[in-house]
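Structure data follow from input.cif (mmCIF, C-alpha atoms and all ligand atoms):
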data_my_file
#
loop_
_atom_site.label_atom_id
_atom_site.label_comp_id
_atom_site.auth_asym_id
_atom_site.auth_seq_id
_atom_site.Cartn_x
_atom_site.Cartn_y
_atom_site.Cartn_z
CA MET Y 29 15.50 -24.76 -26.90
CA ARG Y 30 11.92 -23.83 -25.97
CA ILE Y 31 10.93 -20.56 -24.34
CA LEU Y 32 7.62 -20.03 -22.64
CA LEU Y 33 6.07 -16.58 -22.98
CA TRP Y 34 3.33 -15.73 -20.52
CA ILE Y 35 2.84 -12.10 -21.44
CA PRO Y 36 -0.16 -9.96 -22.46
CA ASN Y 37 -1.36 -10.50 -26.05
CA ASP Y 38 -0.36 -7.01 -27.16
CA ARG Y 39 3.28 -7.78 -26.32
CA VAL Y 40 3.52 -11.11 -28.13
CA ALA Y 41 4.27 -9.82 -31.62
CA GLY Y 42 7.14 -7.53 -30.47
CA TRP Y 43 8.85 -10.22 -28.40
CA SER Y 44 8.30 -12.98 -30.97
CA GLU Y 45 9.88 -10.81 -33.67
CA GLN Y 46 12.94 -9.95 -31.59
CA LEU Y 47 13.48 -13.50 -30.35
CA ALA Y 48 13.14 -14.88 -33.90
CA GLN Y 49 15.88 -12.49 -35.03
CA LEU Y 50 18.28 -12.77 -32.09
CA LEU Y 51 17.72 -16.37 -31.04
CA PRO Y 52 16.54 -18.19 -34.17
CA GLU Y 53 17.17 -21.60 -32.61
CA ALA Y 54 14.46 -20.92 -29.99
CA GLU Y 55 10.94 -22.26 -30.30
CA LEU Y 56 8.29 -20.22 -28.52
CA ALA Y 57 5.42 -21.66 -26.48
CA PHE Y 58 2.46 -19.78 -25.05
CA ASP Y 59 0.13 -22.39 -23.59
CA ARG Y 60 -0.73 -22.89 -19.96
CA PRO Y 61 0.17 -25.58 -19.02
CA PRO Y 62 2.84 -25.89 -21.70
CA PRO Y 63 2.83 -29.03 -23.83
CA ASP Y 64 5.87 -31.22 -23.30
CA PRO Y 65 7.04 -29.50 -20.06
CA LYS Y 66 10.47 -31.15 -20.11
CA THR Y 67 11.50 -29.16 -23.16
CA ILE Y 68 10.93 -25.68 -21.65
CA ARG Y 69 14.22 -24.05 -20.65
CA TYR Y 70 13.23 -20.41 -20.09
CA ALA Y 71 10.11 -18.48 -19.15
CA LEU Y 72 9.38 -14.81 -19.87
CA LEU Y 73 6.69 -13.32 -17.66
CA TRP Y 74 4.86 -10.04 -17.53
CA GLN Y 75 1.85 -9.58 -15.28
CA ALA Y 76 1.34 -13.33 -15.23
CA ASP Y 77 0.66 -15.84 -12.52
CA PRO Y 78 3.78 -18.06 -12.37
CA THR Y 79 1.85 -21.09 -11.12
CA GLY Y 80 2.90 -24.11 -13.15
CA LEU Y 81 6.53 -23.08 -13.66
CA ALA Y 82 7.61 -25.19 -10.69
CA ASP Y 83 6.52 -28.25 -12.70
CA LEU Y 84 9.03 -27.56 -15.49
CA PRO Y 85 11.99 -29.78 -14.53
CA ASN Y 86 14.50 -28.30 -17.00
CA LEU Y 87 13.68 -24.63 -16.48
CA ARG Y 88 16.94 -22.66 -16.28
CA ALA Y 89 15.66 -19.13 -15.59
CA VAL Y 90 12.51 -17.08 -15.20
CA PHE Y 91 12.81 -13.64 -16.81
CA SER Y 92 10.59 -10.83 -15.59
CA LEU Y 93 9.81 -8.36 -18.34
CA GLY Y 94 9.33 -5.75 -15.63
CA ALA Y 95 12.10 -4.13 -13.60
CA GLY Y 96 10.06 -4.46 -10.41
CA VAL Y 97 9.51 -8.04 -9.25
CA ASP Y 98 7.38 -7.25 -6.21
CA GLY Y 99 4.35 -8.99 -7.74
CA LEU Y 100 6.34 -12.16 -8.37
CA ILE Y 101 8.91 -12.63 -5.67
CA ASP Y 102 6.50 -13.76 -2.95
CA HIS Y 103 4.24 -15.76 -5.22
CA PRO Y 104 3.95 -19.34 -3.99
CA GLY Y 105 3.89 -20.54 -7.62
CA LEU Y 106 7.31 -19.14 -8.42
CA PRO Y 107 9.81 -21.99 -8.87
CA ARG Y 108 12.88 -21.99 -6.64
CA HIS Y 109 14.94 -24.33 -8.81
CA ALA Y 110 15.61 -21.59 -11.39
CA PRO Y 111 16.81 -18.01 -10.82
CA LEU Y 112 14.42 -15.08 -11.19
CA VAL Y 113 16.00 -12.43 -13.43
CA ARG Y 114 14.71 -8.87 -13.50
CA MET Y 115 14.51 -6.55 -16.48
CA VAL Y 116 17.34 -4.20 -17.30
CA ASP Y 117 16.60 -2.38 -20.55
CA PRO Y 118 18.29 0.73 -21.97
CA GLY Y 119 14.90 1.79 -23.39
CA LEU Y 120 13.29 1.54 -19.96
CA ARG Y 121 16.18 3.51 -18.46
CA GLN Y 122 15.89 6.23 -21.11
CA GLY Y 123 12.10 6.43 -20.74
CA MET Y 124 12.34 6.76 -16.96
CA SER Y 125 15.01 9.45 -17.17
CA GLU Y 126 12.79 11.40 -19.58
CA TYR Y 127 9.75 11.06 -17.30
CA VAL Y 128 11.67 12.15 -14.21
CA LEU Y 129 13.28 15.07 -16.00
CA LEU Y 130 9.93 16.18 -17.39
CA GLN Y 131 8.22 16.06 -14.00
CA VAL Y 132 11.07 17.76 -12.15
CA LEU Y 133 11.10 20.52 -14.76
CA ARG Y 134 7.31 20.89 -14.41
CA CYS Y 135 7.73 21.44 -10.67
CA HIS Y 136 10.78 23.67 -11.13
CA HIS Y 137 8.94 25.92 -13.61
CA HIS Y 138 5.67 26.02 -11.58
CA LEU Y 139 3.69 24.62 -14.51
CA ASP Y 140 0.88 23.35 -12.27
CA ILE Y 141 0.49 26.77 -10.69
CA TYR Y 142 0.37 28.41 -14.12
CA ALA Y 143 -2.23 25.87 -15.30
CA ARG Y 144 -4.41 26.73 -12.28
CA GLN Y 145 -3.81 30.45 -12.83
CA GLN Y 146 -4.72 30.14 -16.51
CA ARG Y 147 -8.05 28.52 -15.62
CA ALA Y 148 -8.74 31.48 -13.30
CA GLY Y 149 -7.42 34.11 -15.74
CA ILE Y 150 -4.62 35.13 -13.37
CA TRP Y 151 -1.37 36.70 -14.68
CA ARG Y 152 1.10 36.20 -11.80
CA PRO Y 153 4.75 35.27 -12.42
CA GLN Y 154 6.23 33.03 -9.69
CA ALA Y 155 9.72 33.40 -8.24
CA HIS Y 156 12.24 31.74 -10.54
CA LEU Y 157 15.17 29.67 -9.27
CA LEU Y 158 18.20 28.51 -11.18
CA ALA Y 159 18.33 24.73 -11.62
CA SER Y 160 21.45 24.75 -9.44
CA GLU Y 161 19.34 26.27 -6.64
CA ARG Y 162 16.76 23.44 -6.81
CA ARG Y 163 17.76 20.41 -4.73
CA VAL Y 164 16.50 17.13 -6.10
CA GLY Y 165 16.73 13.89 -4.16
CA VAL Y 166 16.44 10.49 -5.83
CA LEU Y 167 15.49 7.50 -3.69
CA GLY Y 168 17.15 4.44 -5.23
CA LEU Y 169 20.33 4.62 -7.27
CA GLY Y 170 19.99 1.44 -9.27
CA GLU Y 171 19.56 1.07 -13.01
CA LEU Y 172 16.81 3.68 -13.19
CA GLY Y 173 17.60 5.94 -10.25
CA ALA Y 174 21.27 6.41 -11.13
CA ALA Y 175 20.41 7.23 -14.75
CA ALA Y 176 17.71 9.71 -13.70
CA ALA Y 177 20.06 11.33 -11.16
CA ARG Y 178 22.75 11.72 -13.84
CA SER Y 179 20.38 13.33 -16.32
CA LEU Y 180 19.05 15.74 -13.67
CA SER Y 181 22.63 16.65 -12.80
CA THR Y 182 23.46 17.21 -16.47
CA VAL Y 183 20.64 19.76 -16.68
CA GLY Y 184 22.18 21.54 -13.70
CA PHE Y 185 20.01 20.53 -10.72
CA ASP Y 186 21.65 20.07 -7.33
CA VAL Y 187 21.17 16.31 -7.14
CA ALA Y 188 21.51 13.83 -4.31
CA GLY Y 189 20.60 10.18 -4.17
CA TRP Y 190 19.99 7.50 -1.60
CA SER Y 191 20.66 3.77 -1.80
CA ARG Y 192 21.13 0.79 0.49
CA THR Y 193 24.86 0.50 -0.19
CA PRO Y 194 27.19 3.47 -0.76
CA LYS Y 195 27.59 4.79 -4.31
CA ASP Y 196 29.95 7.11 -6.12
CA ILE Y 197 28.21 8.91 -9.00
CA ALA Y 198 29.80 11.93 -10.66
CA GLY Y 199 27.72 15.08 -10.07
CA VAL Y 200 25.48 13.41 -7.48
CA ARG Y 201 25.81 13.68 -3.71
CA THR Y 202 25.16 10.24 -2.35
CA PHE Y 203 23.67 9.01 0.92
CA ALA Y 204 23.25 5.42 2.03
CA GLY Y 205 21.45 3.31 4.57
CA LYS Y 206 19.02 4.24 7.31
CA ASP Y 207 21.31 6.98 8.65
CA GLY Y 208 21.56 8.70 5.28
CA LEU Y 209 17.83 8.97 4.68
CA ALA Y 210 16.96 11.86 7.02
CA ALA Y 211 19.83 13.99 5.70
CA MET Y 212 18.85 13.31 2.12
CA LEU Y 213 15.16 14.11 2.75
CA ALA Y 214 16.04 17.36 4.53
CA ARG Y 215 17.76 18.65 1.39
CA SER Y 216 15.19 17.52 -1.22
CA ASP Y 217 13.02 20.28 -2.68
CA VAL Y 218 11.88 17.66 -5.15
CA LEU Y 219 11.90 14.02 -4.07
CA VAL Y 220 11.87 11.32 -6.75
CA ASP Y 221 11.10 7.74 -5.73
CA LEU Y 222 12.77 5.00 -7.78
CA LEU Y 223 13.09 2.29 -5.14
CA PRO Y 224 11.95 -1.30 -5.53
CA LEU Y 225 9.05 -2.44 -3.36
CA THR Y 226 10.41 -4.66 -0.58
CA PRO Y 227 9.56 -5.19 3.10
CA ALA Y 228 12.11 -2.44 3.89
CA THR Y 229 10.62 0.14 1.52
CA ARG Y 230 6.89 -0.49 1.94
CA GLY Y 231 5.34 2.54 3.62
CA LEU Y 232 8.70 4.36 3.65
CA LEU Y 233 7.15 7.66 2.63
CA ASP Y 234 4.95 8.26 5.64
CA ARG Y 235 4.04 11.48 7.43
CA THR Y 236 7.16 11.41 9.64
CA ARG Y 237 9.60 11.02 6.76
CA MET Y 238 7.82 13.36 4.34
CA SER Y 239 7.72 15.98 7.12
CA LEU Y 240 11.53 16.00 6.93
CA LEU Y 241 11.30 17.42 3.41
CA PRO Y 242 11.62 21.21 3.24
CA LYS Y 243 8.30 23.07 3.34
CA GLY Y 244 6.98 23.45 -0.20
CA ALA Y 245 8.63 20.27 -1.50
CA PHE Y 246 7.29 18.11 -4.33
CA VAL Y 247 7.07 14.32 -4.33
CA ILE Y 248 7.32 12.32 -7.55
CA ASN Y 249 6.58 8.61 -7.22
CA ALA Y 250 7.47 6.59 -10.30
CA ALA Y 251 8.34 3.40 -8.40
CA ARG Y 252 5.57 1.61 -6.51
CA GLY Y 253 2.43 2.99 -4.89
CA ALA Y 254 2.87 1.06 -1.66
CA HIS Y 255 5.95 3.13 -0.79
CA LEU Y 256 3.69 6.08 -0.07
CA VAL Y 257 1.15 6.29 2.76
CA GLU Y 258 -1.70 7.81 0.77
CA ASP Y 259 -3.52 9.53 3.64
CA ASP Y 260 -0.24 11.06 4.78
CA VAL Y 261 0.52 12.61 1.40
CA LEU Y 262 -3.00 14.07 1.30
CA ALA Y 263 -2.64 15.48 4.83
CA LEU Y 264 0.75 17.06 4.05
CA LEU Y 265 -0.55 18.58 0.81
CA ASP Y 266 -3.60 19.98 2.55
CA ALA Y 267 -1.46 21.36 5.39
CA GLY Y 268 0.73 23.14 2.81
CA HIS Y 269 3.88 21.23 3.77
CA LEU Y 270 4.01 19.63 0.33
CA ALA Y 271 3.47 21.85 -2.71
CA GLY Y 272 2.49 19.02 -5.03
CA ALA Y 273 2.79 15.36 -5.94
CA VAL Y 274 3.19 13.56 -9.23
CA LEU Y 275 2.03 9.98 -8.89
CA ASP Y 276 2.48 7.33 -11.56
CA VAL Y 277 1.97 4.29 -9.34
CA PHE Y 278 -0.63 3.44 -6.73
CA ALA Y 279 -1.34 0.93 -4.00
CA HIS Y 280 -4.32 -0.27 -6.08
CA GLU Y 281 -4.09 -0.05 -9.86
CA PRO Y 282 -6.01 1.06 -11.79
CA LEU Y 283 -6.61 3.90 -9.32
CA PRO Y 284 -10.25 3.48 -8.17
CA PRO Y 285 -12.63 6.02 -9.78
CA ASP Y 286 -13.62 7.60 -6.45
CA HIS Y 287 -10.05 7.98 -5.19
CA PRO Y 288 -9.28 11.52 -3.89
CA PHE Y 289 -6.00 11.63 -5.88
CA TRP Y 290 -7.99 12.03 -9.13
CA THR Y 291 -9.40 15.40 -8.22
CA HIS Y 292 -6.82 16.84 -5.85
CA PRO Y 293 -5.67 20.18 -7.29
CA ARG Y 294 -2.04 19.57 -6.37
CA ILE Y 295 -1.72 15.99 -7.55
CA MET Y 296 -0.92 14.90 -11.06
CA VAL Y 297 -1.89 11.29 -11.83
CA THR Y 298 -0.35 9.29 -14.67
CA PRO Y 299 -1.50 5.65 -15.22
CA HIS Y 300 1.74 3.70 -14.53
CA VAL Y 301 3.37 4.88 -17.71
CA ALA Y 302 6.63 6.42 -16.50
CA ALA Y 303 8.62 3.91 -18.53
CA PHE Y 304 8.05 0.80 -20.62
CA THR Y 305 10.12 -2.26 -21.47
CA HIS Y 306 10.61 -2.17 -25.23
CA PRO Y 307 11.31 -5.53 -26.92
CA ARG Y 308 13.68 -3.87 -29.40
CA THR Y 309 15.95 -2.47 -26.69
CA ALA Y 310 15.35 -5.17 -24.05
CA ALA Y 311 15.71 -8.34 -26.12
CA PRO Y 312 19.50 -8.09 -26.79
CA GLY Y 313 20.30 -8.13 -23.04
CA LEU Y 314 17.83 -10.91 -22.37
CA VAL Y 315 19.21 -13.04 -25.19
CA GLU Y 316 22.77 -12.39 -24.01
CA ASN Y 317 21.69 -13.59 -20.58
CA ILE Y 318 20.28 -16.78 -22.12
CA ARG Y 319 23.54 -17.30 -23.98
CA ARG Y 320 25.48 -16.85 -20.73
CA ILE Y 321 23.41 -19.56 -19.06
CA GLU Y 322 23.78 -21.84 -22.08
CA ARG Y 323 27.57 -21.58 -21.85
CA GLY Y 324 27.50 -22.28 -18.13
CA SER Y 325 27.91 -18.74 -16.74
CA ALA Y 326 25.67 -17.15 -14.15
CA PRO Y 327 23.03 -14.79 -15.55
CA LEU Y 328 23.16 -11.05 -14.79
CA HIS Y 329 20.50 -9.14 -12.81
CA VAL Y 330 19.38 -12.09 -10.73
CA VAL Y 331 16.91 -11.17 -8.00
CA GLU Y 332 18.18 -11.79 -4.48
CA TYR Y 333 15.33 -13.20 -2.46
CA GLY Y 334 16.90 -12.12 0.84
CA ARG Y 335 16.89 -8.42 -0.03
CA GLY Y 336 13.68 -8.53 -2.08
CA TYR Y 337 14.95 -7.07 -5.39
P1 LIG Y 401 17.45 -1.57 -9.13
O1 LIG Y 401 17.31 -2.86 -8.42
O2 LIG Y 401 18.45 -1.45 -10.22
O3 LIG Y 401 17.78 -0.41 -8.08
C1 LIG Y 401 17.17 -0.34 -6.85
C2 LIG Y 401 17.85 0.76 -6.03
O4 LIG Y 401 17.14 0.92 -4.81
C3 LIG Y 401 19.29 0.41 -5.67
O5 LIG Y 401 20.10 1.55 -5.70
C4 LIG Y 401 19.15 -0.09 -4.23
O6 LIG Y 401 20.30 0.07 -3.43
C5 LIG Y 401 18.05 0.81 -3.73
N1 LIG Y 401 17.40 0.22 -2.56
C6 LIG Y 401 16.72 -0.94 -2.47
N2 LIG Y 401 16.28 -1.16 -1.22
C7 LIG Y 401 16.71 -0.09 -0.50
C8 LIG Y 401 16.60 0.26 0.87
N3 LIG Y 401 15.95 -0.52 1.75
N4 LIG Y 401 17.18 1.41 1.29
C9 LIG Y 401 17.84 2.20 0.41
N5 LIG Y 401 17.98 1.91 -0.91
C10 LIG Y 401 17.42 0.78 -1.36
O7 LIG Y 401 15.99 -1.18 -9.66
P2 LIG Y 401 15.61 -0.30 -10.93
O8 LIG Y 401 16.33 1.00 -10.81
O9 LIG Y 401 15.76 -1.07 -12.17
O10 LIG Y 401 14.04 -0.11 -10.69
C11 LIG Y 401 13.54 0.55 -9.55
C12 LIG Y 401 12.03 0.40 -9.48
O11 LIG Y 401 11.39 1.24 -10.41
C13 LIG Y 401 11.48 -0.98 -9.81
O12 LIG Y 401 11.65 -1.88 -8.74
C14 LIG Y 401 10.04 -0.69 -10.11
O13 LIG Y 401 9.30 -0.78 -8.91
C15 LIG Y 401 10.05 0.76 -10.58
N6 LIG Y 401 9.66 0.89 -12.00
C16 LIG Y 401 8.58 1.66 -12.32
C17 LIG Y 401 8.21 1.83 -13.63
C18 LIG Y 401 7.06 2.71 -13.99
O14 LIG Y 401 6.67 2.76 -15.16
N7 LIG Y 401 6.49 3.46 -13.08
C19 LIG Y 401 8.95 1.20 -14.72
C20 LIG Y 401 10.07 0.42 -14.27
C21 LIG Y 401 10.41 0.28 -12.95
P3 LIG Y 401 21.66 -0.70 -3.79
O15 LIG Y 401 22.16 -0.06 -5.07
O16 LIG Y 401 22.53 -0.41 -2.64
O17 LIG Y 401 21.30 -2.14 -3.97
C1 LIG Y 402 8.31 -2.30 -14.17
C2 LIG Y 402 7.15 -1.45 -14.32
O1 LIG Y 402 8.58 -2.73 -13.05
O2 LIG Y 402 6.70 -1.23 -15.45
O3 LIG Y 402 9.02 -2.54 -15.15
O4 LIG Y 402 6.63 -0.93 -13.33
#

Starting from the file, lay out its structure as structure tokens.
Amino acid sequence: MRILLWIPNDRVAGWSEQLAQLLPEAELAFDRPPPDPKTIRYALLWQADPTGLADLPNLRAVFSLGAGVDGLIDHPGLPRHAPLVRMVDPGLRQGMSEYVLLQVLRCHHHLDIYARQQRAGIWRPQAHLLASERRVGVLGLGELGAAAARSLSTVGFDVAGWSRTPKDIAGVRTFAGKDGLAAMLARSDVLVDLLPLTPATRGLLDRTRMSLLPKGAFVINAARGAHLVEDDVLALLDAGHLAGAVLDVFAHEPLPPDHPFWTHPRIMVTPHVAAFTHPRTAAPGLVENIRRIERGSAPLHVVEYGRGY
């Protein structure tokens, strides 16, 4: 069996090592176009143009090494004769839960205010709330959102979450669908975005919706930049409706050097690093998926084109 890897050079060693261990019968190919196209059964992609995959007649699945497939799903070069499978990785899940917990705790403990006060030599304790008095809302209760919501709840925050279809998650108040969104926003002192980017979620966080958040709320976007209307977040910060924003993802990445987010005193920018796919934790699930296909079963985590994720 031959597997095509179109992934950045710095990821090749990690994936090659894991695949050699877990799937020793596989032969890896890296070329574009691949030699002997008929022999390629699987493709692993990360930040790669899929053009050429449609010419592989025996391709059985395309695996995205990213959880978000927004850059791939509409690409005209993506083959339709093989399923697109997204990344589900316990390491990615753990990393995202850590990032979300860290950023929510930073907001909860006023760390940005204390950093500003330190620079100005100001000794001024802020009002302290119990975690159970801080309402956190998580947009998206999938692999990453549900895990982040659970870990926030374990720490004691008053957690709610929103998804397309109804969910039942211990310790998390759940809302679903268009009707649930306004209620969830109205009770979110800290809003965490972990939605996929689809036609339904693009521009979701605009001035109207973010105005539903309580005054003084924080927004943490670890999902995709295009969810957030950038001018609207700036306007709501400057009007004092939002207390701060933590942004890991942007409409244009890397964030352009002259972008106002870089220097805004109430915005923290991280360079799309909330969580990473680790070959060591991700490869077992991917190989199990290949084995499923090889024995004639349907793979897990297949992207549904109709819903966009
Ligand atoms: P999943 O597909 O597992 O979960 C998506 C969740 O969003 C589901 O709960 C889904 O609802 C919900 N959802 C989707 N569309 C809507 C909608 N229109 N209205 C309400 N809810 C909706 O994705 P993951 O949790 O694995 O990943 C989420 C995103 O995180 C990725 O798509 C990616 O963009 C981003 N990401 C960012 C990283 C970073 O480093 N910054 C790293 C990895 C991922 P339902 O359950 O009902 O289907
Ligand atoms: C992903 C990401 O989608 O890193 O996995 O953003």

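With distances taken over all atoms listed in the file, Y:Lys243 is the one residue among Y:His156, Y:Arg192, Y:Arg252, Y:Lys243 lying closest to Asp217 in chain Y.
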
Distance filter 7 Å around ligand LIG 401 (chain Y), atoms: all atoms listed in the file, out as a ChimeraX atom specification: /Y:94-97,116,120,124,167-173,190-194,204-206,222-226,228-229,250-252,276-277,300-304,337

Residues within 12 Å of Ile35 in chain Y, only C-alpha atoms, excluding chain neighbours under 5 positions, as a list in words: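 Near Ile35 in chain Y, the qualifying residues are Val40, Ala41, Gly42, Trp43, Ser44, Ala57, Phe58, Asp59, Arg60, Ala71, Leu72, Leu73, Trp74, Gln75, Ala76, Asp77, Pro78, Phe91, Ser92, Leu93 and Gly94 of chain Y.
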
Taking into account all atoms listed in the file, which residue in the set Y:Leu47, Y:Ala155, Y:Met115, Y:Leu262 is nearest to ligand LIG 402 (chain Y)? Y:Met115

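Using all atoms listed in the file, the shortest contact distance between ligand LIG 402 (chain Y) and any of Y:Glu281, Y:Asp260, Y:Asp266, Y:Asp286 is found at Y:Glu281.
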
Which residues are close to range 99-106 of chain Y, i.e. within 7 Å by all atoms listed in the file, leaving aside same-chain residues fewer than 3 positions away? Reply as a PyMOL selection string. chain Y and resi 78-82

Do a neighbour search on range 138-140 of chain Y at 9 Å with all atoms listed in the file, toss out local chain neighbours closer than 2 positions, and write the hits as number ranges by chain. Y: 133-136, 142-145, 154, 156, 272, 293-294, 296

What does the structure give for the distance between CA of Ser160 in chain Y and CA of Ala271 in chain Y, in Å to one decimal?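 Atom-to-atom, CA of Ser160 in chain Y and CA of Ala271 in chain Y are spaced 19.4 Å apart.
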
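Comparing the minimum interatomic distances between Trp290 in chain Y and each of Y:Leu275, Y:Ile68, Y:Leu130, Y:Ala211, counting all atoms listed in the file, we find that Y:Leu275 sits nearest.
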
Proximity to ligand LIG 402 (chain Y) - best of Y:Asp38, Y:Asp221, Y:Asp98, Y:Glu322, all atoms listed in the file: Y:Asp98

May I ask which of the residues Y:Leu87, Y:Val132, Y:Leu241, Y:Ile295 is the closest one to Ala210 in chain Y, counting all atoms listed in the file? Y:Leu241

Give me the residues within 9 Å of Leu328 in chain Y as a PDB file with C-alpha atoms, keeping the file's coordinate frame, counting only C-alpha atoms and dropping any in the same chain fewer than 2 places off.
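Okay, this is what ended up in part_28.pdb:
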ATOM      1  CA  VAL Y 113      16.000 -12.430 -13.430  1.00  0.00           C
ATOM      2  CA  ARG Y 114      14.710  -8.870 -13.500  1.00  0.00           C
ATOM      3  CA  ASN Y 317      21.690 -13.590 -20.580  1.00  0.00           C
ATOM      4  CA  ARG Y 320      25.480 -16.850 -20.730  1.00  0.00           C
ATOM      5  CA  ALA Y 326      25.670 -17.150 -14.150  1.00  0.00           C
ATOM      6  CA  VAL Y 330      19.380 -12.090 -10.730  1.00  0.00           C
TER       7      VAL Y 330
END

Set up a box along x, y and z of the file covering all listed atoms of range 73-77 of chain Y, add 4 Å on every one of the six sides, and write the centre and edge lengths in Å to one decimal, as JSON.
{"center_x": 3.7, "center_y": -12.7, "center_z": -15.1, "size_x": 14.0, "size_y": 14.3, "size_z": 13.1}

Tell me, in Å to one decimal, how far CA of Ala48 in chain Y is from CA of Trp34 in chain Y.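 Computing the Euclidean distance for CA of Ala48 in chain Y and CA of Trp34 in chain Y yields 16.6 Å.
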
Kindly give the distance, in Å, that separates CA of Leu33 in chain Y and CA of His329 in chain Y, rounded to a single decimal.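 Pair CA of Leu33 in chain Y / CA of His329 in chain Y returns 19.2 Å.
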